[in-house]
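Below is one structure, written out as structure tokens, with a few remarks after it.
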Amino acid sequence: MNQVVNEIQSYVKQKLEREGSGHDWYHIERVVKQARRIAKEEKANLFICEVAALVHDLADDKVASSEKAGLEEVEQLLLPLHKADRDHILEIITTMSFKGGNRPPVRTLEAKVVQDADRLDAIGAIGIARTFVYAGSKGDLIYDPSIQPRKHMSSSAYRHDQSTAINHFYEKLLKLKDLMNTRTGLEIAEERHAFLASFLTQFHGEWEGSK
């Protein structure tokens with residue numbers, strides 16, 4: 001199975017190495033590292049967590065031409081695996097995305113681990129950096145006080161309606177700590193969440209000229 005993992009890793013690295021929205025190979029690499037860490041602490045299936053973390057963005061419409069095409073690509077990559085493992089990994093990557101925050105909880109421990117690992121990369125210092133890279137890739141402004149953060153969003157509205165980089169903190173990032181599935185994920189998230197809050201205090205102070 002190590003050979004299978006290495007082959008999948010090489011494929012994903014080649015495909016996402018130059019991706020420009022913050023969902024590049026280094027994002028994948030960080031999520032894999034966190035998934036391993038959380039899986040060990042929570043006694044989840046390490047192989048399932050690692051492979052799911054490696055392929056989790058290939059079917060995402062932020063990087064794939066369509067979710068359908070992305071899933072077909074993932075299914076081909078996973079053909080060497082046992083069917084039960086393939087099905088489990090596909091379930092994880094099709095149910096773990098935030099997409100406006102209105103989705104049901106993921107079902108398995110491994111899904112919880114990979115979802116936590118992915119969400120941890122959206123908060124803290126790296127999460128802040130990725131937020132501005134992604135906003136820039138969409139042509140969104142850094143901030144516009146006249147555009148209010150959206151409170152209730154469909155998946156389509158979350159992805160396509162107008163927003164700003166700073167609004168994304170309120171629409172998603174500040175919510176993620178309380179959505180952690182695992183004890184380990186929550187412990188890591190608490191420090192990163194505090195960093196987000198501190199950044200926003202500084203940002204708004206500078207914006208208003210009080211800092």
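Just so we're on the same page: first chain in the structure tokens is A, next is B, and so on; residues restart at 1 for each chain, and ligands are numbered from 1 in the order they show up.
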
As a ChimeraX atom specification, which residues of range 121-167 of chain A does DSSP assign to helix (DSSP H, G or I)?
/A:124-138,155-160,165-167

If you keep C-alpha atoms, can you produce a file of those selected residues as an mmCIF file, in the first residue's frame?
data_model
loop_
_atom_site.group_PDB
_atom_site.id
_atom_site.type_symbol
_atom_site.label_atom_id
_atom_site.label_comp_id
_atom_site.auth_asym_id
_atom_site.auth_seq_id
_atom_site.Cartn_x
_atom_site.Cartn_y
_atom_site.Cartn_z
ATOM 1 C CA GLY A 124 -4.270 30.655 11.955
ATOM 2 C CA ALA A 125 -1.463 32.443 10.113
ATOM 3 C CA ILE A 126 -1.593 30.202 7.057
ATOM 4 C CA GLY A 127 -5.382 30.462 6.936
ATOM 5 C CA ILE A 128 -5.104 34.248 6.811
ATOM 6 C CA ALA A 129 -2.570 34.069 3.978
ATOM 7 C CA ARG A 130 -4.739 31.618 2.034
ATOM 8 C CA THR A 131 -7.815 33.814 2.482
ATOM 9 C CA PHE A 132 -6.201 36.749 0.711
ATOM 10 C CA VAL A 133 -4.715 34.571 -2.032
ATOM 11 C CA TYR A 134 -8.133 33.023 -2.709
ATOM 12 C CA ALA A 135 -9.918 36.389 -2.656
ATOM 13 C CA GLY A 136 -7.377 37.762 -5.110
ATOM 14 C CA SER A 137 -7.823 34.782 -7.414
ATOM 15 C CA LYS A 138 -11.575 35.546 -7.526
ATOM 16 C CA SER A 155 -23.502 26.253 -1.762
ATOM 17 C CA SER A 156 -23.822 28.228 -4.988
ATOM 18 C CA ALA A 157 -24.186 31.580 -3.219
ATOM 19 C CA TYR A 158 -21.232 30.797 -0.964
ATOM 20 C CA ARG A 159 -19.037 30.101 -3.962
ATOM 21 C CA HIS A 160 -20.229 32.721 -6.459
ATOM 22 C CA ALA A 165 -11.578 38.718 1.981
ATOM 23 C CA ILE A 166 -12.421 40.113 5.426
ATOM 24 C CA ASN A 167 -16.038 38.983 5.185
#

So that I can check the surroundings of Asp118 in chain A, please list as a compact mmCIF listing (two decimals) with N, CA, C and O atoms, in the first residue's frame every protein, DNA and RNA residue that reaches within 12 Å of it, counting only C-alpha atoms and ignoring chain neighbours fewer than 2 positions away.
# COMPACT_ATOMS: atom_id res chain seq x y z
N HIS A 23 -5.13 26.35 -2.86
CA HIS A 23 -5.44 24.92 -2.77
C HIS A 23 -4.38 24.11 -3.51
O HIS A 23 -4.67 23.15 -4.21
N HIS A 27 -0.75 23.03 0.41
CA HIS A 27 -1.97 22.87 1.23
C HIS A 27 -2.25 21.39 1.47
O HIS A 27 -2.49 20.97 2.60
N ILE A 28 -2.19 20.61 0.41
CA ILE A 28 -2.41 19.16 0.55
C ILE A 28 -1.40 18.55 1.51
O ILE A 28 -1.77 17.78 2.41
N GLU A 29 -0.15 18.91 1.37
CA GLU A 29 0.91 18.36 2.21
C GLU A 29 0.66 18.69 3.69
O GLU A 29 0.82 17.84 4.57
N ARG A 30 0.23 19.92 3.96
CA ARG A 30 -0.06 20.30 5.35
C ARG A 30 -1.26 19.54 5.89
O ARG A 30 -1.27 19.10 7.05
N VAL A 31 -2.29 19.38 5.07
CA VAL A 31 -3.48 18.65 5.52
C VAL A 31 -3.13 17.19 5.81
O VAL A 31 -3.61 16.60 6.79
N VAL A 32 -2.30 16.59 4.97
CA VAL A 32 -1.86 15.21 5.21
C VAL A 32 -1.14 15.11 6.55
O VAL A 32 -1.39 14.20 7.35
N LYS A 33 -0.24 16.04 6.83
CA LYS A 33 0.51 16.01 8.09
C LYS A 33 -0.43 16.12 9.29
O LYS A 33 -0.29 15.39 10.28
N GLN A 34 -1.39 17.04 9.21
CA GLN A 34 -2.33 17.20 10.31
C GLN A 34 -3.25 15.98 10.44
O GLN A 34 -3.59 15.56 11.55
N ALA A 35 -3.65 15.41 9.29
CA ALA A 35 -4.50 14.22 9.33
C ALA A 35 -3.77 13.06 10.01
O ALA A 35 -4.37 12.33 10.81
N ARG A 36 -2.50 12.89 9.70
CA ARG A 36 -1.72 11.84 10.36
C ARG A 36 -1.67 12.09 11.87
O ARG A 36 -1.86 11.17 12.67
N ILE A 38 -3.69 13.86 13.83
CA ILE A 38 -4.99 13.69 14.50
C ILE A 38 -5.40 12.22 14.50
O ILE A 38 -5.92 11.72 15.50
N CYS A 49 -7.20 7.94 6.22
CA CYS A 49 -7.05 9.38 6.45
C CYS A 49 -6.01 9.99 5.52
O CYS A 49 -6.23 11.07 4.95
N GLU A 50 -4.89 9.31 5.35
CA GLU A 50 -3.82 9.85 4.52
C GLU A 50 -4.23 9.94 3.06
O GLU A 50 -4.03 10.97 2.41
N ALA A 52 -7.32 9.97 1.77
CA ALA A 52 -8.40 10.95 1.62
C ALA A 52 -7.86 12.37 1.66
O ALA A 52 -8.28 13.24 0.88
N ALA A 53 -6.90 12.62 2.55
CA ALA A 53 -6.29 13.95 2.62
C ALA A 53 -5.55 14.28 1.33
O ALA A 53 -5.59 15.43 0.85
N LEU A 54 -4.89 13.31 0.75
CA LEU A 54 -4.16 13.53 -0.50
C LEU A 54 -5.08 13.92 -1.65
O LEU A 54 -4.74 14.79 -2.47
N VAL A 55 -6.25 13.29 -1.75
CA VAL A 55 -7.10 13.50 -2.93
C VAL A 55 -8.27 14.44 -2.67
O VAL A 55 -9.07 14.69 -3.57
N HIS A 56 -8.36 15.03 -1.47
CA HIS A 56 -9.61 15.69 -1.09
C HIS A 56 -9.97 16.89 -1.94
O HIS A 56 -11.15 17.23 -2.06
N ASP A 57 -9.00 17.54 -2.56
CA ASP A 57 -9.33 18.72 -3.37
C ASP A 57 -9.46 18.43 -4.86
O ASP A 57 -9.86 19.32 -5.63
N ILE A 92 -15.78 10.39 2.14
CA ILE A 92 -15.12 11.47 2.89
C ILE A 92 -15.01 12.73 2.05
O ILE A 92 -15.40 13.82 2.47
N ILE A 93 -14.47 12.60 0.84
CA ILE A 93 -14.16 13.80 0.06
C ILE A 93 -15.42 14.45 -0.52
O ILE A 93 -15.38 15.62 -0.90
N MET A 96 -17.13 16.42 3.07
CA MET A 96 -16.36 17.17 4.06
C MET A 96 -16.30 18.67 3.82
O MET A 96 -15.95 19.42 4.73
N SER A 97 -16.65 19.15 2.63
CA SER A 97 -16.49 20.57 2.33
C SER A 97 -17.47 21.44 3.11
O SER A 97 -18.58 21.00 3.43
N PHE A 98 -17.08 22.67 3.36
CA PHE A 98 -17.91 23.62 4.11
C PHE A 98 -19.12 24.06 3.29
O PHE A 98 -20.26 23.94 3.74
N ALA A 111 -13.51 10.49 8.41
CA ALA A 111 -14.02 11.72 7.79
C ALA A 111 -13.86 12.90 8.74
O ALA A 111 -13.50 14.01 8.34
N LYS A 112 -14.12 12.66 10.01
CA LYS A 112 -13.97 13.72 11.01
C LYS A 112 -12.51 14.17 11.11
O LYS A 112 -12.23 15.37 11.22
N VAL A 113 -11.60 13.22 11.06
CA VAL A 113 -10.17 13.54 11.13
C VAL A 113 -9.75 14.39 9.93
O VAL A 113 -9.10 15.44 10.10
N VAL A 114 -10.11 13.97 8.73
CA VAL A 114 -9.67 14.69 7.52
C VAL A 114 -10.36 16.05 7.43
O VAL A 114 -9.73 17.05 7.04
N GLN A 115 -11.61 16.12 7.80
CA GLN A 115 -12.30 17.41 7.80
C GLN A 115 -11.63 18.38 8.77
O GLN A 115 -11.40 19.55 8.45
N ASP A 116 -11.30 17.90 9.97
CA ASP A 116 -10.60 18.76 10.93
C ASP A 116 -9.26 19.22 10.38
O ASP A 116 -8.89 20.39 10.51
N LEU A 120 -8.29 23.09 9.76
CA LEU A 120 -7.18 23.72 10.49
C LEU A 120 -6.30 24.54 9.55
O LEU A 120 -5.73 25.55 9.95
N ASP A 121 -6.19 24.13 8.30
CA ASP A 121 -5.37 24.88 7.35
C ASP A 121 -6.06 26.14 6.87
O ASP A 121 -5.47 26.94 6.16
N ALA A 122 -7.33 26.33 7.26
CA ALA A 122 -8.07 27.53 6.90
C ALA A 122 -8.02 28.59 8.00
O ALA A 122 -8.54 29.69 7.82
N ILE A 123 -7.41 28.26 9.16
CA ILE A 123 -7.34 29.22 10.25
C ILE A 123 -5.89 29.38 10.70
O ILE A 123 -5.01 28.64 10.26
N ILE A 126 -1.49 30.70 8.43
CA ILE A 126 -1.59 30.20 7.06
C ILE A 126 -3.01 30.41 6.52
O ILE A 126 -3.20 30.76 5.34
N GLY A 127 -4.01 30.22 7.36
CA GLY A 127 -5.38 30.46 6.94
C GLY A 127 -5.60 31.89 6.48
O GLY A 127 -6.30 32.16 5.50
N LEU A 173 -14.39 31.36 8.61
CA LEU A 173 -13.21 31.01 9.39
C LEU A 173 -13.43 31.06 10.89
O LEU A 173 -12.97 30.17 11.62
N LEU A 176 -15.08 27.89 12.45
CA LEU A 176 -14.50 26.55 12.31
C LEU A 176 -14.06 25.93 13.63
O LEU A 176 -14.16 24.71 13.80
N MET A 180 -15.09 21.79 15.02
CA MET A 180 -14.13 20.69 15.06
C MET A 180 -14.80 19.41 15.59
O MET A 180 -15.61 19.46 16.52
N ASN A 181 -14.46 18.31 14.97
CA ASN A 181 -15.06 17.02 15.31
C ASN A 181 -14.33 16.29 16.43
O ASN A 181 -14.93 15.51 17.16
N GLY A 185 -8.31 18.01 17.19
CA GLY A 185 -8.55 19.13 16.28
C GLY A 185 -8.91 20.40 17.02
O GLY A 185 -8.43 21.49 16.69
N ALA A 189 -7.06 23.98 17.11
CA ALA A 189 -7.84 25.10 16.57
C ALA A 189 -7.91 26.28 17.52
O ALA A 189 -8.00 27.44 17.07

For Ala44 in chain A, work out the shell of residues within 7 Å, counting only C-alpha atoms and skipping chain neighbours fewer than 3 positions away, then give it as a ChimeraX atom specification.
/A:39-40,109-110

Between CA of Leu174 in chain A and CA of Glu19 in chain A, measure the distance and give it in Å to one decimal.
25.1 Å

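Our summary of the geometry notes that CA of Ser146 in chain A is positioned 11.7 Å from CA of Gln162 in chain A.
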
Using only C-alpha atoms: which of A:Arg183, A:Lys211, A:Arg192, A:Lys13 has the shortest distance to Glu42 in chain A:
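Selected residue with least distance to Glu42 in chain A: A:Arg183.
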
Skipping near chain neighbours, those fewer than 3 positions away, what residues fall within 12 Å of Pro145 in chain A using only C-alpha atoms, listed as a ChimeraX atom specification?
/A:141-142,148-149,163-167,204,207-208

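Across the structure, CA of Glu191 in chain A and CA of Lys99 in chain A are spaced 24.0 Å apart.
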
Need to verify the contact set: Ile8 in chain A, 7 Å, only C-alpha atoms, exclusion of same-chain residues closer than 4 positions in sequence. Can you return it as an MDAnalysis selection string?
chainID A and resid 4 12 77

Residue nearest Gln76 in chain A - candidates A:Tyr11, A:Trp25, A:Asn45, A:Ala197, atoms counted: only C-alpha atoms:
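Residue with the minimum atom-to-atom distance to Gln76 in chain A: A:Tyr11.
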